[in-house]
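A quick write-up on the structure given underneath.
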Amino acid sequence: MKAYFDELETRAPERREADLFARLPGFLAGAVRKAPGLARHLDGIDPAGIVSRAALSTLPVLRKAELMEFQAANPPFGGFADEAAMRGRRVFLSPGPIWEPEAPEEEAAHSARAFFAAGIRPRDTVHNAFSYHLTPGGFMLDAGARALGCTVFPAGIGNTDMQVDAAAALKPTVYCGTPDFLKVMLDRADQAGKDLSAFSRAVVSGGALFPSLRAEYASRGVKVMQCYATAEFGVIAYESCDPDGNPHPGMLLNENLIVEIVRPGTGDPVADGEVGEVVVTGFNPVYPLVRLGTGDLSAIMPGTSPCGRTGMRIRGWMGRADQRTKVKGMFVDPKQVAEVVRRHPGVARARLVVTRAGESDAMALRVEPANGAALDATALGASLRDVTKLGGGVEIVPPGSLPNDGKVIADDRDYGA
C-alpha cells in the first residue's frame with residue numbers, strides 16, 4: 001500500500017500553508033455541490049475567495065451540538081456528507097450521538113505520520129486495541145499502521161485475557177490504544193506469568209497520558225508517544241521523539257489539515273500562544289467539514305520541533321472549551337460574553353467569573369482594556385445585563401492579568417467534595 005505521508009516534513013511553513021490554501025477553494029466548491037447541508041451552512045459564501053486564514057476566519061464555526069441538531073433533523077449525516085460516495089463504505093456512530101461516514105483509505109492513512117514520528121517502522125507488528133465497534137478509531141489507526149507497512153493485529157477492546165494470550169504468542173512490538181489499557185495488559189500478563197516484553201513502543205490516544213504513567217511504561221521498557229485524534233478527522237496532531245524514544249515538546253499538526261485556535265464561543269482566531277478552542281478544516285471528500293469546532297482547548301507553540309519537522313505545533317489537549325454555566329437557574333454561554341465584548345471595541349479580553357455570595361450565585365465580568373482604551377464599567381454592566389438577562393459586576397483589570405487558560409467563563413463556586 002502506498003504510504004500517504006511524509007516521513008519527515010521539512011517544507012518551509014509558508015510553502016505548506018500556501019499549498020493548503022491553493023487547494024481549499026476548489027475543494028469547497030466541490031463540497032458544497034455534493035453536501036447540501038454544508039451548502040446551507042455556508043450559504044452566500046464564495047469558495048473562490050477563501051484563500052487565506054483571514055478569509056477562512058470569516059466562515060461560521062460548526063460546533064458539534066449544531067451538527068447533532070442537523071443530523072437529528074436530516075439523518076444520518078445532516079447533509080454534510082457526500083452520500084453518493086458512501087457506497088461500499090462503513091458508517092459509524094460516536095457518542096452524542098454523531099454519525100460519521102468512513103473516510104477514504106488515503107485520508108485515514110495520514111495517521112501513519114503518528115506512527116513514523118513515534119519511531120515505528122514497516123518491520124513492526126502493531127497490537128491495535130482501539131475499538132473496531134461502532135466508532136471509527138480502530139479502523140483509522142489500523143489504516144495508518146498498514147500504510148506505513150506494519151503488520152496489524154485488530155485486537156479491539158475488552159477480552160483482556162485473550163488479548164494478553166494473543167500478544168504473548170504474536171509478540172507485537174507496538175501497542176496502539178488508550179493510555180490506560182496498556183497498563184491493564186501488562187499487569188494482567190505479570191499476574192499470569194505471560195511475557196509481553198516484545199512491546200517496545202506505543203502510540204496512544206483517547207485519554208490523558210499522565211507523566212507518571214509515561215514514566216512507568218518507560219521503566220517497563222515501553223516508549224509511549226501520544227496523538228490527538230477525533231472521529232471526524234482522525235489524527236490531528238502527534239508527538240515526535242528523539243532516537244532514544246523520548247518525546248519532543250508539543251504535538252505536530254497533521255500536514256493535511258488546517259487548524260485554527262479560536263476564542264471559545266466565537267470564530268475569532270487568537271494570537272499564537274493564547275489558549276483557545278481547536279477548530280479544524282479537512283479535505284475529506286466524503287465528509288467535507290469546514291471549521292468544525294472540536295470543543296477541545298489548546299494553543300500554538302512557537303518555533304519548530306527539535307526532530308527537524310517544520311510543521312506547526314500545539315501544546316496538546318488542555319481541557320474542554322464548552323463552558324456553558326448555569327447562574328441563578330439560567331445558562332450563560334461563552335457566545336454571550338463574546339457579544340458583550342463585541343459591543344465594546346475597547347475590550348481586549350474578558351472573563352466572566354461565577355462565585356457564591358452567601359446563598360446566592362454572583363458573577364463578575366473581568367475585562368482587560370485594549371491599547372490603553374478607557375473602558376466604561378457602567379456601560380459594560382448594562383450590556384452584560386442586556387445580553388445575559390442577569391446582573392453582574394464589572395472589574396477592569398490590567399492588560400495581561402487574566403489567566404491564559406482559554407476560559408471565557410470560570411465557575412469558581414465551591415461544590416464540596
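As shown in the C-alpha cells, the chain order sets the letters A, B, ...; within each chain, residues go from 1, and ligands are also counted from 1 in the order they appear.
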- Asp161 of chain A environment, 10 Å, only C-alpha atoms, sequence neighbours closer than 2 positions dropped, as a list in words: Gly158, Asn159, Gln163, Val164, Asp165, Ala166, Ala167, Met185, Arg188, Ala189 and Ala192 of chain A
Restrict the selected residues to all heavy atoms and save them as a PDB file, in the first residue's frame.
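Written out: part.pdb:
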```pdb
ATOM      1  N   GLY A 158     -11.632  -4.884  25.237  1.00  0.00           N
ATOM      2  CA  GLY A 158     -12.149  -5.972  26.066  1.00  0.00           C
ATOM      3  C   GLY A 158     -11.381  -7.265  25.887  1.00  0.00           C
ATOM      4  O   GLY A 158     -10.317  -7.324  25.266  1.00  0.00           O
ATOM      5  N   ASN A 159     -11.935  -8.352  26.478  1.00  0.00           N
ATOM      6  CA  ASN A 159     -11.317  -9.682  26.386  1.00  0.00           C
ATOM      7  C   ASN A 159      -9.840  -9.631  26.773  1.00  0.00           C
ATOM      8  O   ASN A 159      -8.965 -10.114  26.040  1.00  0.00           O
ATOM      9  CB  ASN A 159     -11.465 -10.256  24.976  1.00  0.00           C
ATOM     10  CG  ASN A 159     -12.904 -10.405  24.549  1.00  0.00           C
ATOM     11  OD1 ASN A 159     -13.713 -10.985  25.265  1.00  0.00           O
ATOM     12  ND2 ASN A 159     -13.241  -9.857  23.391  1.00  0.00           N
ATOM     13  N   GLN A 163      -6.507 -11.066  24.872  1.00  0.00           N
ATOM     14  CA  GLN A 163      -5.544 -10.143  24.278  1.00  0.00           C
ATOM     15  C   GLN A 163      -4.131 -10.410  24.795  1.00  0.00           C
ATOM     16  O   GLN A 163      -3.162 -10.359  24.035  1.00  0.00           O
ATOM     17  CB  GLN A 163      -5.951  -8.695  24.577  1.00  0.00           C
ATOM     18  CG  GLN A 163      -7.229  -8.252  23.884  1.00  0.00           C
ATOM     19  CD  GLN A 163      -7.203  -6.783  23.488  1.00  0.00           C
ATOM     20  OE1 GLN A 163      -6.166  -6.251  23.122  1.00  0.00           O
ATOM     21  NE2 GLN A 163      -8.356  -6.134  23.552  1.00  0.00           N
ATOM     22  N   VAL A 164      -4.014 -10.677  26.095  1.00  0.00           N
ATOM     23  CA  VAL A 164      -2.696 -10.975  26.664  1.00  0.00           C
ATOM     24  C   VAL A 164      -2.140 -12.253  26.049  1.00  0.00           C
ATOM     25  O   VAL A 164      -0.957 -12.325  25.665  1.00  0.00           O
ATOM     26  CB  VAL A 164      -2.792 -11.085  28.194  1.00  0.00           C
ATOM     27  CG1 VAL A 164      -1.505 -11.678  28.772  1.00  0.00           C
ATOM     28  CG2 VAL A 164      -3.065  -9.718  28.815  1.00  0.00           C
ATOM     29  N   ASP A 165      -2.979 -13.284  25.936  1.00  0.00           N
ATOM     30  CA  ASP A 165      -2.519 -14.541  25.332  1.00  0.00           C
ATOM     31  C   ASP A 165      -2.066 -14.316  23.891  1.00  0.00           C
ATOM     32  O   ASP A 165      -1.035 -14.847  23.454  1.00  0.00           O
ATOM     33  CB  ASP A 165      -3.645 -15.579  25.362  1.00  0.00           C
ATOM     34  CG  ASP A 165      -3.937 -16.097  26.760  1.00  0.00           C
ATOM     35  OD1 ASP A 165      -3.091 -15.897  27.655  1.00  0.00           O
ATOM     36  OD2 ASP A 165      -5.020 -16.689  26.960  1.00  0.00           O
ATOM     37  N   ALA A 166      -2.840 -13.503  23.152  1.00  0.00           N
ATOM     38  CA  ALA A 166      -2.502 -13.243  21.754  1.00  0.00           C
ATOM     39  C   ALA A 166      -1.185 -12.489  21.638  1.00  0.00           C
ATOM     40  O   ALA A 166      -0.334 -12.808  20.792  1.00  0.00           O
ATOM     41  CB  ALA A 166      -3.626 -12.463  21.080  1.00  0.00           C
ATOM     42  N   ALA A 167      -0.997 -11.485  22.492  1.00  0.00           N
ATOM     43  CA  ALA A 167       0.240 -10.702  22.437  1.00  0.00           C
ATOM     44  C   ALA A 167       1.442 -11.534  22.847  1.00  0.00           C
ATOM     45  O   ALA A 167       2.538 -11.365  22.297  1.00  0.00           O
ATOM     46  CB  ALA A 167       0.111  -9.464  23.332  1.00  0.00           C
ATOM     47  N   MET A 185      -3.064  -4.532  30.442  1.00  0.00           N
ATOM     48  CA  MET A 185      -2.496  -5.714  29.790  1.00  0.00           C
ATOM     49  C   MET A 185      -1.190  -6.143  30.446  1.00  0.00           C
ATOM     50  O   MET A 185      -0.978  -7.334  30.717  1.00  0.00           O
ATOM     51  CB  MET A 185      -2.252  -5.429  28.306  1.00  0.00           C
ATOM     52  CG  MET A 185      -3.507  -5.367  27.458  1.00  0.00           C
ATOM     53  SD  MET A 185      -3.112  -5.237  25.681  1.00  0.00           S
ATOM     54  CE  MET A 185      -2.285  -6.811  25.388  1.00  0.00           C
ATOM     55  N   ARG A 188      -1.884  -7.666  33.904  1.00  0.00           N
ATOM     56  CA  ARG A 188      -2.503  -8.983  33.800  1.00  0.00           C
ATOM     57  C   ARG A 188      -1.472 -10.018  33.333  1.00  0.00           C
ATOM     58  O   ARG A 188      -1.472 -11.159  33.809  1.00  0.00           O
ATOM     59  CB  ARG A 188      -3.674  -8.933  32.825  1.00  0.00           C
ATOM     60  CG  ARG A 188      -4.497 -10.229  32.754  1.00  0.00           C
ATOM     61  CD  ARG A 188      -5.286 -10.466  34.028  1.00  0.00           C
ATOM     62  NE  ARG A 188      -6.215  -9.389  34.270  1.00  0.00           N
ATOM     63  CZ  ARG A 188      -7.446  -9.312  33.762  1.00  0.00           C
ATOM     64  NH1 ARG A 188      -7.894 -10.279  32.969  1.00  0.00           N
ATOM     65  NH2 ARG A 188      -8.225  -8.300  34.057  1.00  0.00           N
ATOM     66  N   ALA A 189      -0.598  -9.615  32.423  1.00  0.00           N
ATOM     67  CA  ALA A 189       0.445 -10.534  31.962  1.00  0.00           C
ATOM     68  C   ALA A 189       1.381 -10.912  33.098  1.00  0.00           C
ATOM     69  O   ALA A 189       1.779 -12.085  33.236  1.00  0.00           O
ATOM     70  CB  ALA A 189       1.232  -9.891  30.821  1.00  0.00           C
ATOM     71  N   ALA A 192      -0.307 -13.464  35.256  1.00  0.00           N
ATOM     72  CA  ALA A 192      -0.472 -14.769  34.615  1.00  0.00           C
ATOM     73  C   ALA A 192       0.852 -15.399  34.194  1.00  0.00           C
ATOM     74  O   ALA A 192       0.861 -16.514  33.648  1.00  0.00           O
ATOM     75  CB  ALA A 192      -1.378 -14.620  33.393  1.00  0.00           C
TER      76      ALA A 192
END
```
Dump as JSON lines the rows for residues of segment 22-132 of chain A within 12 Å of segment 297-317 of chain A: closest atom pair and distance in Å with one decimal, only C-alpha atoms counted, ordered by chain and rising residue number.
```
{"residue": "A:Arg113", "atom": "CA", "partner": "A:Arg309", "partner_atom": "CA", "distance": 11.3}
{"residue": "A:Phe116", "atom": "CA", "partner": "A:Cys307", "partner_atom": "CA", "distance": 11.9}
{"residue": "A:Ala117", "atom": "CA", "partner": "A:Cys307", "partner_atom": "CA", "distance": 8.8}
{"residue": "A:Ala118", "atom": "CA", "partner": "A:Cys307", "partner_atom": "CA", "distance": 10.8}
{"residue": "A:Gly119", "atom": "CA", "partner": "A:Cys307", "partner_atom": "CA", "distance": 11.3}
```
- Neighbour list for Phe139 of chain A as a list of chain:residue names, cut-off 9 Å, only C-alpha atoms, skip fewer than 4 positions in-chain: A:Glu102, A:Ala108, A:Phe130, A:Ser131, A:Tyr132, A:Thr135, A:Ala143, A:Gly144, A:Pro154
- Which one of A:Glu14, A:Glu83, A:Asp361, A:Glu260 sits closest to Thr325 of chain A if you count only C-alpha atoms?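 Among A:Glu14, A:Glu83, A:Asp361, A:Glu260, it is A:Asp361 that comes nearest to Thr325 of chain A.
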- Return the single residue from A:Val51, A:Val275, A:Val394, A:Ala231 that is closest to Ala321 of chain A, with distances computed using only C-alpha atoms.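 Ranking A:Val51, A:Val275, A:Val394, A:Ala231 by distance to Ala321 of chain A, first place goes to A:Val275.
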- Task: From the DSSP assignment of the backbone, select every residue of segment 157-388 of chain A that is strand (DSSP E), and format the answer as a ChimeraX atom specification.
- Result: /A:174-177,201-204,223-230,234-238,251-253,258-262,276-281,292-298,300-301,313-314,325-327,330-332,347-357,360-369
- Query: segment 388-392 of chain A: which residues within 9 Å, counting only C-alpha atoms, same-chain residues fewer than 2 positions away excluded, as an MDAnalysis selection string?
  - Reply: chainID A and resid 327:328 330:333 336:337 362:365 381:386 394
Write a file of the selected residues as a short mmCIF file (atom, residue, chain, number, x, y, z; two decimals), in the first residue's frame, keeping N, CA, C and O atoms.
```
data_model
loop_
_atom_site.label_atom_id
_atom_site.label_comp_id
_atom_site.auth_asym_id
_atom_site.auth_seq_id
_atom_site.Cartn_x
_atom_site.Cartn_y
_atom_site.Cartn_z
N VAL A 327 -26.32 30.04 36.02
CA VAL A 327 -26.23 31.07 37.06
C VAL A 327 -27.65 31.49 37.42
O VAL A 327 -28.42 31.92 36.54
N LYS A 328 -27.98 31.35 38.69
CA LYS A 328 -29.34 31.70 39.16
C LYS A 328 -30.41 31.02 38.31
O LYS A 328 -31.44 31.61 37.96
N MET A 330 -30.27 30.14 35.19
CA MET A 330 -30.22 30.43 33.76
C MET A 330 -28.83 30.12 33.22
O MET A 330 -27.83 30.39 33.87
N PHE A 331 -28.77 29.56 32.00
CA PHE A 331 -27.49 29.27 31.39
C PHE A 331 -26.86 30.54 30.83
O PHE A 331 -27.53 31.35 30.18
N VAL A 332 -25.57 30.69 31.08
CA VAL A 332 -24.77 31.74 30.45
C VAL A 332 -23.77 31.05 29.54
O VAL A 332 -23.10 30.09 29.95
N ASP A 333 -23.66 31.52 28.31
CA ASP A 333 -22.85 30.86 27.29
C ASP A 333 -21.67 31.75 26.90
O ASP A 333 -21.79 32.98 26.93
N GLN A 336 -22.38 34.65 24.70
CA GLN A 336 -22.94 35.87 25.27
C GLN A 336 -21.83 36.81 25.75
O GLN A 336 -21.92 38.02 25.60
N VAL A 337 -20.79 36.23 26.33
CA VAL A 337 -19.65 37.05 26.74
C VAL A 337 -19.01 37.68 25.50
O VAL A 337 -18.64 38.86 25.52
N ALA A 362 -23.37 34.68 42.12
CA ALA A 362 -22.93 36.02 41.74
C ALA A 362 -21.98 35.89 40.57
O ALA A 362 -21.31 34.87 40.40
N MET A 363 -21.91 36.93 39.74
CA MET A 363 -20.98 36.89 38.63
C MET A 363 -20.37 38.26 38.41
O MET A 363 -21.00 39.29 38.71
N ALA A 364 -19.13 38.23 37.93
CA ALA A 364 -18.42 39.48 37.66
C ALA A 364 -17.68 39.33 36.34
O ALA A 364 -17.03 38.30 36.09
N LEU A 365 -17.78 40.34 35.50
CA LEU A 365 -17.08 40.35 34.22
C LEU A 365 -15.76 41.10 34.40
O LEU A 365 -15.75 42.29 34.70
N GLY A 381 -21.55 46.91 32.32
CA GLY A 381 -22.52 46.23 33.17
C GLY A 381 -23.91 46.22 32.55
O GLY A 381 -24.64 45.21 32.65
N ALA A 382 -24.27 47.32 31.91
CA ALA A 382 -25.57 47.38 31.24
C ALA A 382 -25.64 46.38 30.09
O ALA A 382 -26.66 45.71 29.89
N SER A 383 -24.55 46.26 29.33
CA SER A 383 -24.52 45.29 28.23
C SER A 383 -24.59 43.87 28.76
O SER A 383 -25.27 43.00 28.19
N LEU A 384 -23.88 43.63 29.86
CA LEU A 384 -23.90 42.29 30.47
C LEU A 384 -25.33 41.90 30.86
O LEU A 384 -25.77 40.77 30.60
N ARG A 385 -26.05 42.83 31.48
CA ARG A 385 -27.42 42.54 31.87
C ARG A 385 -28.33 42.35 30.65
O ARG A 385 -29.18 41.46 30.62
N ASP A 386 -28.12 43.19 29.63
CA ASP A 386 -28.95 43.11 28.44
C ASP A 386 -28.78 41.78 27.72
O ASP A 386 -29.75 41.18 27.24
N VAL A 394 -18.65 44.45 37.18
CA VAL A 394 -17.63 44.60 36.14
C VAL A 394 -16.34 45.05 36.82
O VAL A 394 -16.34 46.00 37.61
#
```
- Residue nearest Asn256 of chain A among A:Asp142, A:Asp180, A:Glu107, A:Glu395 (counting only C-alpha atoms):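 Smallest distance to Asn256 of chain A is found for A:Glu107.
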- Pick from A:Ala215, A:Ala103, A:Ala48, A:Ala54, whichever lies nearest to Val270 of chain A using only C-alpha atoms: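 Among the listed residues, A:Ala54 lies closest to Val270 of chain A.
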